[in-house]
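Enquirer: Got upload02.txt for you, compact mmCIF, C-alpha atoms:
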# COMPACT_ATOMS: atom_id res chain seq x y z
CA MET Z 5 0.00 0.00 0.00
CA SER Z 6 1.30 3.43 -0.81
CA GLU Z 7 1.72 5.96 1.94
CA THR Z 8 -0.89 8.19 0.33
CA SER Z 9 -3.70 5.66 0.04
CA ALA Z 10 -4.39 3.31 2.93
CA VAL Z 11 -7.54 1.20 2.60
CA PRO Z 12 -10.20 2.74 4.86
CA THR Z 13 -12.03 0.58 7.40
CA ALA Z 14 -15.50 1.72 6.30
CA PRO Z 15 -16.86 0.49 2.94
CA LEU Z 16 -16.19 2.82 0.08
CA ARG Z 17 -18.93 4.13 -2.18
CA ALA Z 18 -16.47 3.60 -4.99
CA ARG Z 19 -12.76 3.15 -5.49
CA ALA Z 20 -10.17 3.08 -8.22
CA GLU Z 21 -7.62 0.47 -7.20
CA ILE Z 22 -4.21 1.19 -8.70
CA ASP Z 23 -1.88 -1.80 -8.92
CA LEU Z 24 1.61 -0.33 -8.66
CA GLY Z 25 3.10 -3.79 -9.08
CA ALA Z 26 1.48 -4.00 -12.50
CA LEU Z 27 2.75 -0.52 -13.34
CA ARG Z 28 6.33 -1.47 -12.44
CA ALA Z 29 6.05 -4.62 -14.57
CA ASN Z 30 4.71 -2.55 -17.47
CA VAL Z 31 7.64 -0.13 -17.22
CA ARG Z 32 10.09 -3.03 -17.27
CA ALA Z 33 8.35 -4.49 -20.34
CA LEU Z 34 8.49 -1.13 -22.11
CA ARG Z 35 12.15 -0.67 -21.23
CA ALA Z 36 12.86 -4.03 -22.84
CA ARG Z 37 11.14 -2.86 -26.03
CA ALA Z 38 12.99 0.47 -25.97
CA GLY Z 39 16.34 -1.22 -26.53
CA GLY Z 40 19.14 1.10 -25.52
CA ALA Z 41 16.93 4.18 -25.24
CA HIS Z 42 16.09 5.73 -21.90
CA LEU Z 43 12.43 5.74 -20.82
CA MET Z 44 10.38 8.77 -19.81
CA ALA Z 45 7.36 7.91 -17.67
CA VAL Z 46 4.63 10.35 -18.65
CA VAL Z 47 2.52 11.18 -15.59
CA LYS Z 48 0.54 14.13 -16.92
CA SER Z 49 -3.13 14.56 -15.97
CA ASP Z 50 -2.52 12.94 -12.56
CA ALA Z 51 -0.85 9.97 -14.27
CA TYR Z 52 -3.79 9.53 -16.64
CA GLY Z 53 -6.07 9.44 -13.61
CA HIS Z 54 -3.97 6.93 -11.66
CA GLY Z 55 -2.26 9.29 -9.17
CA ALA Z 56 0.85 11.14 -10.30
CA VAL Z 57 3.14 10.90 -7.29
CA PRO Z 58 2.72 7.18 -6.45
CA CYS Z 59 2.90 6.23 -10.13
CA ALA Z 60 5.98 8.38 -10.72
CA ARG Z 61 7.73 6.76 -7.78
CA ALA Z 62 6.83 3.27 -9.00
CA ALA Z 63 8.04 4.07 -12.52
CA LEU Z 64 11.40 5.30 -11.22
CA GLN Z 65 11.71 2.15 -9.11
CA ALA Z 66 11.22 0.11 -12.29
CA GLY Z 67 13.96 1.93 -14.17
CA ALA Z 68 12.41 4.98 -15.79
CA THR Z 69 15.06 7.70 -15.92
CA TRP Z 70 12.83 10.66 -16.82
CA LEU Z 71 9.39 11.88 -15.78
CA GLY Z 72 7.20 13.89 -18.12
CA THR Z 73 4.20 16.17 -17.61
CA ALA Z 74 2.21 18.48 -19.81
CA THR Z 75 2.00 21.57 -17.61
CA PRO Z 76 4.74 23.16 -15.51
CA GLU Z 77 2.40 23.10 -12.51
CA GLU Z 78 2.24 19.31 -12.75
CA ALA Z 79 6.03 19.10 -12.90
CA LEU Z 80 6.49 21.50 -9.99
CA ALA Z 81 4.09 19.40 -7.90
CA LEU Z 82 6.22 16.31 -8.54
CA ARG Z 83 9.34 18.16 -7.47
CA ALA Z 84 7.59 19.50 -4.37
CA ALA Z 85 6.66 15.91 -3.48
CA GLY Z 86 10.35 15.00 -3.51
CA LEU Z 87 10.60 13.25 -6.89
CA PRO Z 88 14.25 13.27 -7.96
CA GLY Z 89 16.00 13.27 -11.31
CA ARG Z 90 14.96 14.67 -14.66
CA ILE Z 91 11.44 16.03 -15.06
CA MET Z 92 10.30 17.59 -18.31
CA CYS Z 93 7.20 19.71 -19.01
CA TRP Z 94 6.07 20.98 -22.38
CA LEU Z 95 2.75 22.87 -22.38
CA TRP Z 96 3.50 26.53 -21.69
CA VAL Z 97 1.60 29.77 -22.16
CA PRO Z 98 2.98 33.31 -21.93
CA GLY Z 99 3.60 34.38 -18.35
CA GLY Z 100 4.14 30.82 -17.14
CA PRO Z 101 6.22 29.94 -14.07
CA TRP Z 102 9.55 29.90 -15.91
CA ARG Z 103 11.67 31.02 -12.98
CA GLN Z 104 10.11 28.46 -10.62
CA ALA Z 105 10.76 25.76 -13.21
CA ILE Z 106 14.39 26.80 -13.59
CA GLU Z 107 14.91 26.86 -9.84
CA ALA Z 108 13.30 23.43 -9.55
CA ASP Z 109 15.75 22.01 -12.13
CA LEU Z 110 13.06 21.12 -14.64
CA ASP Z 111 13.63 20.62 -18.34
CA VAL Z 112 11.30 22.98 -20.18
CA ALA Z 113 10.12 22.76 -23.77
CA VAL Z 114 10.35 25.69 -26.15
CA SER Z 115 8.35 25.72 -29.37
CA GLY Z 116 8.78 29.31 -30.53
CA MET Z 117 10.59 32.58 -30.08
CA TRP Z 118 8.17 34.00 -27.48
CA ALA Z 119 8.93 31.07 -25.18
CA LEU Z 120 12.67 31.34 -25.71
CA ARG Z 121 12.53 35.03 -24.83
CA GLU Z 122 10.59 34.32 -21.63
CA VAL Z 123 12.80 31.47 -20.45
CA THR Z 124 16.02 33.40 -21.09
CA ALA Z 125 14.64 36.41 -19.19
CA ALA Z 126 13.72 34.13 -16.29
CA ALA Z 127 17.17 32.53 -16.35
CA ARG Z 128 18.82 35.95 -16.22
CA GLU Z 129 16.60 36.94 -13.30
CA ALA Z 130 17.25 33.70 -11.43
CA GLY Z 131 20.97 33.76 -12.11
CA ARG Z 132 20.81 30.14 -13.24
CA THR Z 133 21.06 28.26 -16.51
CA ALA Z 134 17.75 26.94 -17.82
CA ARG Z 135 17.53 23.44 -19.27
CA VAL Z 136 15.66 23.81 -22.55
CA GLN Z 137 14.40 21.30 -25.08
CA LEU Z 138 13.52 22.60 -28.54
CA LYS Z 139 10.37 21.06 -29.99
CA ALA Z 140 9.98 20.62 -33.75
CA ASP Z 141 6.61 20.45 -35.45
CA THR Z 142 7.31 17.64 -37.89
CA GLY Z 143 3.71 17.31 -39.00
CA LEU Z 144 1.36 16.99 -36.01
CA GLY Z 145 0.35 20.63 -36.31
CA ARG Z 146 -0.01 21.29 -32.59
CA ASN Z 147 2.85 22.59 -30.48
CA GLY Z 148 6.36 22.78 -31.89
CA CYS Z 149 8.33 25.00 -34.23
CA GLN Z 150 7.56 24.91 -37.94
CA PRO Z 151 10.47 23.90 -40.21
CA GLU Z 152 10.65 27.34 -41.81
CA ASP Z 153 11.01 28.96 -38.38
CA TRP Z 154 13.50 26.38 -37.08
CA PRO Z 155 16.68 28.22 -38.21
CA GLU Z 156 15.67 31.36 -36.29
CA LEU Z 157 14.83 29.38 -33.13
CA VAL Z 158 18.00 27.29 -33.28
CA GLY Z 159 20.17 30.35 -33.90
CA ALA Z 160 18.63 32.28 -31.02
CA ALA Z 161 18.94 29.26 -28.71
CA LEU Z 162 22.64 28.93 -29.55
CA GLN Z 163 23.16 32.63 -28.75
CA ALA Z 164 21.40 32.19 -25.40
CA GLU Z 165 23.48 29.10 -24.72
CA ALA Z 166 26.69 30.99 -25.50
CA ALA Z 167 25.60 33.64 -23.00
CA GLY Z 168 25.18 30.97 -20.32
CA LEU Z 169 21.43 31.53 -20.03
CA ILE Z 170 20.26 28.15 -21.31
CA GLN Z 171 21.54 24.69 -22.06
CA VAL Z 172 19.82 22.91 -24.94
CA THR Z 173 19.33 19.47 -23.44
CA GLY Z 174 17.02 17.98 -26.05
CA LEU Z 175 15.52 18.07 -29.52
CA TRP Z 176 12.13 16.43 -29.86
CA SER Z 177 8.83 16.06 -31.65
CA HIS Z 178 5.58 14.09 -31.49
CA PHE Z 179 3.83 11.71 -33.90
CA ALA Z 180 0.33 12.28 -35.25
CA CYS Z 181 -0.52 8.74 -36.35
CA ALA Z 182 1.89 6.27 -34.74
CA ASP Z 183 -1.16 4.32 -33.54
CA GLU Z 184 -2.17 3.68 -37.17
CA PRO Z 185 0.29 1.12 -38.59
CA GLY Z 186 1.56 2.06 -42.03
CA HIS Z 187 0.15 5.57 -42.04
CA PRO Z 188 2.27 7.60 -44.51
CA SER Z 189 2.68 10.47 -42.04
CA ILE Z 190 4.86 8.27 -39.81
CA ALA Z 191 7.72 7.99 -42.32
CA ALA Z 192 7.27 11.63 -43.38
CA GLN Z 193 7.51 12.88 -39.80
CA LEU Z 194 10.50 10.69 -39.04
CA THR Z 195 12.34 12.04 -42.08
CA ARG Z 196 11.50 15.61 -41.16
CA PHE Z 197 12.64 15.04 -37.57
CA ARG Z 198 15.99 13.66 -38.71
CA GLU Z 199 16.44 16.69 -40.99
CA MET Z 200 15.61 19.20 -38.26
CA VAL Z 201 17.86 17.45 -35.73
CA ALA Z 202 20.69 17.36 -38.26
CA TYR Z 203 20.29 21.08 -38.96
CA ALA Z 204 20.51 21.93 -35.25
CA GLU Z 205 23.46 19.66 -34.60
CA GLU Z 206 25.39 20.92 -37.63
CA ARG Z 207 25.15 24.42 -36.18
CA GLY Z 208 26.45 23.40 -32.80
CA VAL Z 209 23.52 22.11 -30.73
CA GLN Z 210 24.67 19.16 -28.62
CA PRO Z 211 21.52 17.63 -27.14
CA GLU Z 212 21.62 15.03 -24.41
CA VAL Z 213 18.50 13.38 -25.85
CA ARG Z 214 16.62 13.29 -29.12
CA HIS Z 215 13.12 11.84 -28.89
CA ILE Z 216 9.93 11.42 -30.87
CA ALA Z 217 8.56 7.99 -29.84
CA ASN Z 218 5.32 7.88 -27.86
CA SER Z 219 3.66 4.68 -26.56
CA PRO Z 220 2.64 3.21 -29.94
CA ALA Z 221 6.01 4.05 -31.50
CA THR Z 222 7.80 2.52 -28.52
CA LEU Z 223 5.83 -0.70 -29.03
CA THR Z 224 5.98 -1.02 -32.81
CA LEU Z 225 8.55 1.34 -34.39
CA PRO Z 226 12.06 0.62 -33.07
CA GLU Z 227 13.60 2.93 -35.67
CA THR Z 228 11.98 5.87 -33.84
CA HIS Z 229 13.49 5.25 -30.41
CA PHE Z 230 16.60 7.47 -30.69
CA ASP Z 231 17.90 8.31 -27.16
CA LEU Z 232 14.63 8.40 -25.24
CA VAL Z 233 11.07 7.07 -25.52
CA ARG Z 234 8.06 8.72 -23.88
CA THR Z 235 5.56 6.16 -22.61
CA GLY Z 236 2.21 7.32 -21.37
CA ILE Z 237 -0.88 5.16 -21.80
CA ALA Z 238 1.08 1.92 -22.29
CA MET Z 239 2.67 2.36 -18.87
CA TYR Z 240 -0.81 2.06 -17.38
CA GLY Z 241 -1.41 -1.22 -19.19
CA ILE Z 242 -3.68 0.07 -21.93
CA SER Z 243 -3.01 -0.50 -25.60
CA PRO Z 244 -2.61 2.75 -27.56
CA SER Z 245 -4.83 1.27 -30.25
CA PRO Z 246 -6.79 -1.97 -30.60
CA GLU Z 247 -5.38 -2.26 -34.12
CA LEU Z 248 -1.87 -2.55 -32.69
CA GLY Z 249 -2.78 -5.35 -30.29
CA THR Z 250 -4.17 -5.99 -26.84
CA PRO Z 251 -2.24 -5.14 -23.69
CA ALA Z 252 -1.43 -8.84 -23.28
CA ASP Z 253 0.06 -8.90 -26.80
CA PHE Z 254 2.67 -6.42 -25.54
CA GLY Z 255 3.18 -8.00 -22.13
CA LEU Z 256 1.23 -5.25 -20.38
CA ARG Z 257 -1.44 -5.38 -17.68
CA PRO Z 258 -4.08 -2.72 -16.96
CA VAL Z 259 -3.28 -0.91 -13.72
CA MET Z 260 -6.67 0.56 -12.71
CA THR Z 261 -9.70 -1.37 -11.47
CA LEU Z 262 -12.81 0.76 -10.96
CA SER Z 263 -15.54 -0.57 -8.70
CA ALA Z 264 -18.40 0.54 -6.49
CA SER Z 265 -20.63 -0.89 -3.78
CA LEU Z 266 -24.26 -1.47 -4.74
CA ALA Z 267 -26.30 1.16 -2.91
CA LEU Z 268 -29.69 -0.53 -3.34
CA VAL Z 269 -31.26 -3.70 -4.75
CA LYS Z 270 -35.02 -3.76 -5.24
CA ARG Z 271 -37.71 -5.72 -7.04
CA VAL Z 272 -39.86 -3.85 -9.57
CA PRO Z 273 -42.74 -4.86 -11.84
CA GLY Z 274 -42.65 -5.10 -15.60
CA GLY Z 275 -43.19 -1.85 -17.46
CA HIS Z 276 -41.27 0.16 -14.87
CA GLY Z 277 -39.32 3.10 -16.26
CA VAL Z 278 -35.68 3.41 -15.23
CA SER Z 279 -33.73 6.67 -14.85
CA TYR Z 280 -34.22 9.97 -16.63
CA GLY Z 281 -36.31 9.94 -19.78
CA HIS Z 282 -37.38 6.31 -19.27
CA HIS Z 283 -35.13 5.20 -22.11
CA TYR Z 284 -35.19 1.80 -20.44
CA VAL Z 285 -38.42 0.15 -19.34
CA THR Z 286 -38.31 -3.23 -17.60
CA PRO Z 287 -39.61 -5.98 -19.92
CA GLY Z 288 -41.03 -7.92 -16.98
CA GLU Z 289 -40.75 -8.26 -13.23
CA THR Z 290 -37.09 -7.96 -12.29
CA THR Z 291 -34.58 -6.58 -9.82
CA LEU Z 292 -32.65 -3.38 -10.19
CA GLY Z 293 -29.26 -2.53 -8.69
CA LEU Z 294 -28.16 1.01 -8.00
CA VAL Z 295 -24.48 1.76 -8.68
CA PRO Z 296 -23.41 5.01 -6.92
CA LEU Z 297 -21.25 6.39 -9.73
CA GLY Z 298 -22.25 8.89 -12.37
CA TYR Z 299 -20.97 11.38 -14.87
CA ALA Z 300 -19.76 13.65 -12.05
CA ASP Z 301 -17.37 10.81 -11.25
CA GLY Z 302 -16.31 10.48 -14.88
CA ILE Z 303 -18.68 7.71 -15.98
CA PRO Z 304 -19.51 8.67 -19.57
CA ARG Z 305 -23.13 9.57 -20.19
CA HIS Z 306 -22.52 8.06 -23.61
CA ALA Z 307 -22.43 4.70 -21.82
CA SER Z 308 -26.16 4.97 -21.10
CA GLY Z 309 -27.82 1.72 -22.10
CA GLY Z 310 -24.53 0.01 -22.91
CA GLY Z 311 -21.82 0.26 -20.25
CA PRO Z 312 -20.81 -3.21 -19.00
CA VAL Z 313 -20.54 -4.05 -15.27
CA LEU Z 314 -19.59 -7.28 -13.48
CA ILE Z 315 -21.78 -8.05 -10.45
CA ASP Z 316 -21.74 -11.36 -8.60
CA GLY Z 317 -19.91 -13.04 -11.46
CA LYS Z 318 -22.38 -11.95 -14.14
CA LEU Z 319 -22.00 -9.22 -16.73
CA ARG Z 320 -24.72 -6.60 -16.56
CA THR Z 321 -25.41 -3.49 -18.63
CA VAL Z 322 -26.25 0.06 -17.66
CA ALA Z 323 -30.05 0.30 -17.82
CA GLY Z 324 -31.22 3.69 -19.01
CA ARG Z 325 -29.34 6.93 -18.65
CA VAL Z 326 -26.23 7.48 -16.57
CA ALA Z 327 -27.08 10.28 -14.11
CA MET Z 328 -24.79 12.69 -12.34
CA ASP Z 329 -24.16 10.49 -9.30
CA GLN Z 330 -25.58 7.05 -10.10
CA PHE Z 331 -26.77 4.57 -12.67
CA VAL Z 332 -28.95 1.47 -12.63
CA VAL Z 333 -28.39 -2.07 -13.85
CA ASP Z 334 -31.08 -4.68 -14.47
CA LEU Z 335 -30.15 -7.70 -12.34
CA GLY Z 336 -32.65 -9.97 -14.06
CA GLY Z 337 -34.23 -11.19 -10.83
CA ASP Z 338 -31.00 -11.84 -8.96
CA GLU Z 339 -30.81 -10.26 -5.51
CA PRO Z 340 -27.24 -9.58 -4.43
CA GLU Z 341 -26.94 -7.85 -1.08
CA PRO Z 342 -26.50 -4.07 -0.96
CA GLY Z 343 -22.78 -3.46 -0.66
CA THR Z 344 -21.96 -6.14 -3.23
CA ARG Z 345 -19.06 -5.03 -5.40
CA ALA Z 346 -19.83 -3.88 -8.93
CA VAL Z 347 -16.72 -3.83 -11.14
CA LEU Z 348 -16.90 -1.44 -14.06
CA PHE Z 349 -13.49 -2.23 -15.51
CA GLY Z 350 -10.16 -3.79 -14.66
CA PRO Z 351 -7.53 -6.06 -16.20
CA GLY Z 352 -10.23 -8.37 -17.55
CA ASP Z 353 -8.83 -11.67 -16.33
CA GLY Z 354 -11.52 -12.01 -13.66
CA GLY Z 355 -14.33 -11.73 -16.17
CA GLU Z 356 -14.72 -8.00 -15.61
CA PRO Z 357 -14.92 -5.54 -18.50
CA THR Z 358 -11.87 -3.49 -19.47
CA ALA Z 359 -11.47 0.22 -20.09
CA GLU Z 360 -11.27 -0.65 -23.78
CA ASP Z 361 -14.73 -2.29 -23.54
CA TRP Z 362 -16.12 0.97 -22.15
CA ALA Z 363 -14.32 2.94 -24.85
CA GLN Z 364 -15.92 0.82 -27.57
CA VAL Z 365 -19.38 1.36 -26.10
CA CYS Z 366 -18.81 5.12 -25.92
CA GLY Z 367 -17.13 5.55 -29.30
CA THR Z 368 -13.95 6.92 -27.73
CA ILE Z 369 -10.51 5.73 -26.65
CA ALA Z 370 -9.49 4.02 -23.42
CA TYR Z 371 -7.21 6.99 -22.61
CA GLU Z 372 -10.35 9.05 -21.98
CA ILE Z 373 -12.08 6.40 -19.89
CA VAL Z 374 -9.35 6.20 -17.23
CA THR Z 375 -8.29 9.86 -17.33
CA ARG Z 376 -11.79 11.21 -16.77
CA ILE Z 377 -12.42 9.36 -13.47
CA GLY Z 378 -13.03 12.21 -11.05
CA THR Z 379 -11.67 13.23 -7.69
CA ARG Z 380 -14.71 11.93 -5.77
CA VAL Z 381 -13.39 8.45 -6.48
CA PRO Z 382 -10.48 7.71 -4.11
CA ARG Z 383 -7.39 6.11 -5.60
CA VAL Z 384 -6.30 3.15 -3.51
CA HIS Z 385 -2.71 2.26 -4.39
CA VAL Z 386 -1.80 -1.38 -3.79
CA ASN Z 387 1.43 -3.35 -4.18
CA GLY Z 388 3.41 -0.20 -3.47
Could you show the structure in this file as C-alpha cells?
Expert:
Amino acid sequence: MSETSAVPTAPLRARAEIDLGALRANVRALRARAGGAHLMAVVKSDAYGHGAVPCARAALQAGATWLGTATPEEALALRAAGLPGRIMCWLWVPGGPWRQAIEADLDVAVSGMWALREVTAAAREAGRTARVQLKADTGLGRNGCQPEDWPELVGAALQAEAAGLIQVTGLWSHFACADEPGHPSIAAQLTRFREMVAYAEERGVQPEVRHIANSPATLTLPETHFDLVRTGIAMYGISPSPELGTPADFGLRPVMTLSASLALVKRVPGGHGVSYGHHYVTPGETTLGLVPLGYADGIPRHASGGGPVLIDGKLRTVAGRVAMDQFVVDLGGDEPEPGTRAVLFGPGDGGEPTAEDWAQVCGTIAYEIVTRIGTRVPRVHVNG
C-alpha cells in the first residue's frame, strides 16, 4: 500500500484500485522494447487518472530515468513531493512559471521565439542556466516549431546558450498517427525530424536526448526510439490502439480497477421506467441494482444503455441513462446484497470488462475512460 492511500475501514462508495506492481512490470516491459533508449514515464493529468506521485515513484523504481508532464504546474508538484531526477514539461503559455521551473531544475520545452525570450529572461533573473528542449513540429500541427522557423529558433537558442542563459538538453517532436500502422505520415515525420535534428546539430547544438517515440512508436517502431522514448498510456497497461494489439500482446497489464458498492437492490414490476427519460423500461418483473457512480465521477453519459458491469460473477449493462451520481443495472431477478461489489473495468482476467470495452461502447478511446475518473473516487494504491 502506498503511503498516500491506505484502505479505509468503512466500505467505500467507490474506489479506483491502482496496482503499482502491474505498473512497475509494465515499465520493465516497455524498457525491454525500448532497446538502448532511456524511458520517460509520462505522468501528466494525474498519471492519466492513476495518481501522479505514487505512479511516478513506481516508474522510477522500475527503471524509468525521466518523468514527463504536460503543464509546468504538474512538474512543480512532482518536485515538491520529492521526486528526484529529470522532469520535463512541455505545455506553456505566456507568463508561465519559468523562474520556478528553472529553480526546480526542470527541463522545459520551447516551441517558438516567445517562449525562448521568456525562459532566457527568467534565467537571467534567477541567475541560473535553464535546461531547454527545442520542440519541432514535424507534421502533427499542434505545439512545436515549424520547419521554416527552425533556423531562427536554433540560432537564437545557440546565442542564449553561448551567453550561459540556457543549455539545450534535447531536440524532440511528437507523432500524429503512430497508432495507425503504415500511415504515410509516420515515415514523413521521421524524415523531417531527422532533418531538423541534423540542422541543429550541424550548427552546434549538442543535445543530451533526441526523442519522438510515444507509446505506440515505442511498441511497434524501433527505428523511432533514438535516445529516449516517452511512454504514457502503455505504462498504465492500456493498448494505444486496438489495431496494434491488446495489452497482453505487448506484455502489459491494466493498472486501474474501478468498482463501487451497490447502494440498493429492489424488485420492480414489468413496465417500470428506469432513470431519466425512461429510455429503459423493464420488460417484466425484475430486480434493479443502483451503482453510486455517475458522470460527475467520470462515468460517460454516452455509456447509457450500454456500459458493461460485473456483479456477482455476471456481466450486466447500464439500464437507461447514466445520471450525475448514479446509474442502474437490471439484475434480471438476482438479488445480491446491498454493498456487493460492482466492477466497471479492470484487467479483464476475472471476467470484468476493461477500459477498452467501455471505450468501444462510448465511441472513444481508453485513454479518456481512465483519465476522466473524477476526484470523488479515491485512488487506492496497492502493491506499493
Enquirer: Considering only C-alpha atoms, state which residue in the set Z:Arg257, Z:His178, Z:His229, Z:Lys139 is at the smallest distance from Z:Arg28.
Expert: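 Smallest separation from Z:Arg28 among the options: Z:Arg257.
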Enquirer: Identify, on the basis of only C-alpha atoms, every residue whose closest approach to stretch 297-307 of chain Z does not exceed 8 Å; exclude the query and any residue fewer than 6 positions from it along the same chain; express the result as a VMD selection string.
Expert: chain Z and resid 18 264 322 325 to 331 362 365 to 366 373 376 to 381
Enquirer: Ranking Z:Gly159, Z:Gly275, Z:Pro296, Z:Pro88 by minimum distance to Z:Glu205 and counting all atoms listed in the file, which one comes first?
Expert: Z:Gly159
Enquirer: Under the rule that all atoms listed in the file are counted, which of Z:Gly293, Z:Gly324, Z:Gly241, Z:Pro220 is the nearest residue to Z:Val278?
Expert: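 Of Z:Gly293, Z:Gly324, Z:Gly241, Z:Pro220, the one nearest Z:Val278 is Z:Gly324, counting all atoms listed in the file.
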Enquirer: Within 12 Å of stretch 77-87 of chain Z, counting all atoms listed in the file, which residues qualify if same-chain residues fewer than 4 places away don't, as a ChimeraX atom specification?
Expert: /Z:8,46-51,55-65,69-73,91-97,100-112
Enquirer: Rank Z:Leu225, Z:Val172, Z:Leu144, Z:Leu266 by their smallest atom-to-atom distance to Z:Ser189, using all atoms listed in the file, and report the top residue only.
Expert: Z:Leu144
Enquirer: Give the answer as one residue: which of Z:Gly288, Z:Gly143, Z:Gly355, Z:Gly367 has the shortest atom-to-atom distance to Z:Ile315, using all atoms listed in the file?
Expert: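 Of Z:Gly288, Z:Gly143, Z:Gly355, Z:Gly367, the one nearest Z:Ile315, counting all atoms listed in the file, is Z:Gly355.
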Enquirer: So, with only C-alpha atoms as the atoms that count, which of Z:Leu16, Z:Ile242, Z:Val333, Z:Val347 lies closest to Z:Glu360?
Expert: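 Looking at the shortest contact to Z:Glu360, the residue is Z:Ile242.
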Enquirer: Return the padded bounding box of stretch 184-198 of chain Z as JSON: axis-aligned, built from all atoms listed in the file, 8 Å added on each side, with centre and edge lengths in Å to one decimal.
Expert:
{"center_x": 6.9, "center_y": 8.4, "center_z": -40.8, "size_x": 34.2, "size_y": 30.5, "size_z": 23.3}
Enquirer: Just give me the gap between atom CA of Z:Gly25 and atom CA of Z:Val386 in Å, one decimal is fine.
Expert: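 Atom CA of Z:Val386 lies 7.6 Å from atom CA of Z:Gly25.
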Enquirer: Could you state the separation of atom CA of Z:Val136 and atom CA of Z:Thr173 in Å, given to one decimal place?
Expert: 5.8 Å
Enquirer: Excluding Z:Ala140 and residues on its chain fewer than 3 positions from it, collect all residues at most 10 Å away from it, counting all atoms listed in the file, and give them as a PDB file with C-alpha atoms, in the coordinates of the input.
Expert:
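Final output, part_0.pdb:
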ATOM      1  CA  VAL Z 114      10.350  25.690 -26.150  1.00  0.00           C
ATOM      2  CA  SER Z 115       8.350  25.720 -29.370  1.00  0.00           C
ATOM      3  CA  GLY Z 116       8.780  29.310 -30.530  1.00  0.00           C
ATOM      4  CA  GLN Z 137      14.400  21.300 -25.080  1.00  0.00           C
ATOM      5  CA  GLY Z 143       3.710  17.310 -39.000  1.00  0.00           C
ATOM      6  CA  LEU Z 144       1.360  16.990 -36.010  1.00  0.00           C
ATOM      7  CA  GLY Z 145       0.350  20.630 -36.310  1.00  0.00           C
ATOM      8  CA  ASN Z 147       2.850  22.590 -30.480  1.00  0.00           C
ATOM      9  CA  GLY Z 148       6.360  22.780 -31.890  1.00  0.00           C
ATOM     10  CA  CYS Z 149       8.330  25.000 -34.230  1.00  0.00           C
ATOM     11  CA  GLN Z 150       7.560  24.910 -37.940  1.00  0.00           C
ATOM     12  CA  PRO Z 151      10.470  23.900 -40.210  1.00  0.00           C
ATOM     13  CA  ASP Z 153      11.010  28.960 -38.380  1.00  0.00           C
ATOM     14  CA  TRP Z 154      13.500  26.380 -37.080  1.00  0.00           C
ATOM     15  CA  LEU Z 175      15.520  18.070 -29.520  1.00  0.00           C
ATOM     16  CA  TRP Z 176      12.130  16.430 -29.860  1.00  0.00           C
ATOM     17  CA  SER Z 177       8.830  16.060 -31.650  1.00  0.00           C
ATOM     18  CA  HIS Z 178       5.580  14.090 -31.490  1.00  0.00           C
ATOM     19  CA  ARG Z 196      11.500  15.610 -41.160  1.00  0.00           C
ATOM     20  CA  PHE Z 197      12.640  15.040 -37.570  1.00  0.00           C
ATOM     21  CA  MET Z 200      15.610  19.200 -38.260  1.00  0.00           C
ATOM     22  CA  VAL Z 201      17.860  17.450 -35.730  1.00  0.00           C
ATOM     23  CA  ILE Z 216       9.930  11.420 -30.870  1.00  0.00           C
TER      24      ILE Z 216
END
Enquirer: As a PyMOL selection string, please: the residues near Z:Leu120 (cut-off 10 Å, only C-alpha atoms, same-chain neighbours under 5 positions excluded).
Expert: chain Z and resi 113-115+125-126+136+138+157+160-161+164+170
Enquirer: Calculate how many Å separate atom CA of Z:Arg135 from atom CA of Z:Glu156, rounding to one decimal.
Expert: 18.9 Å
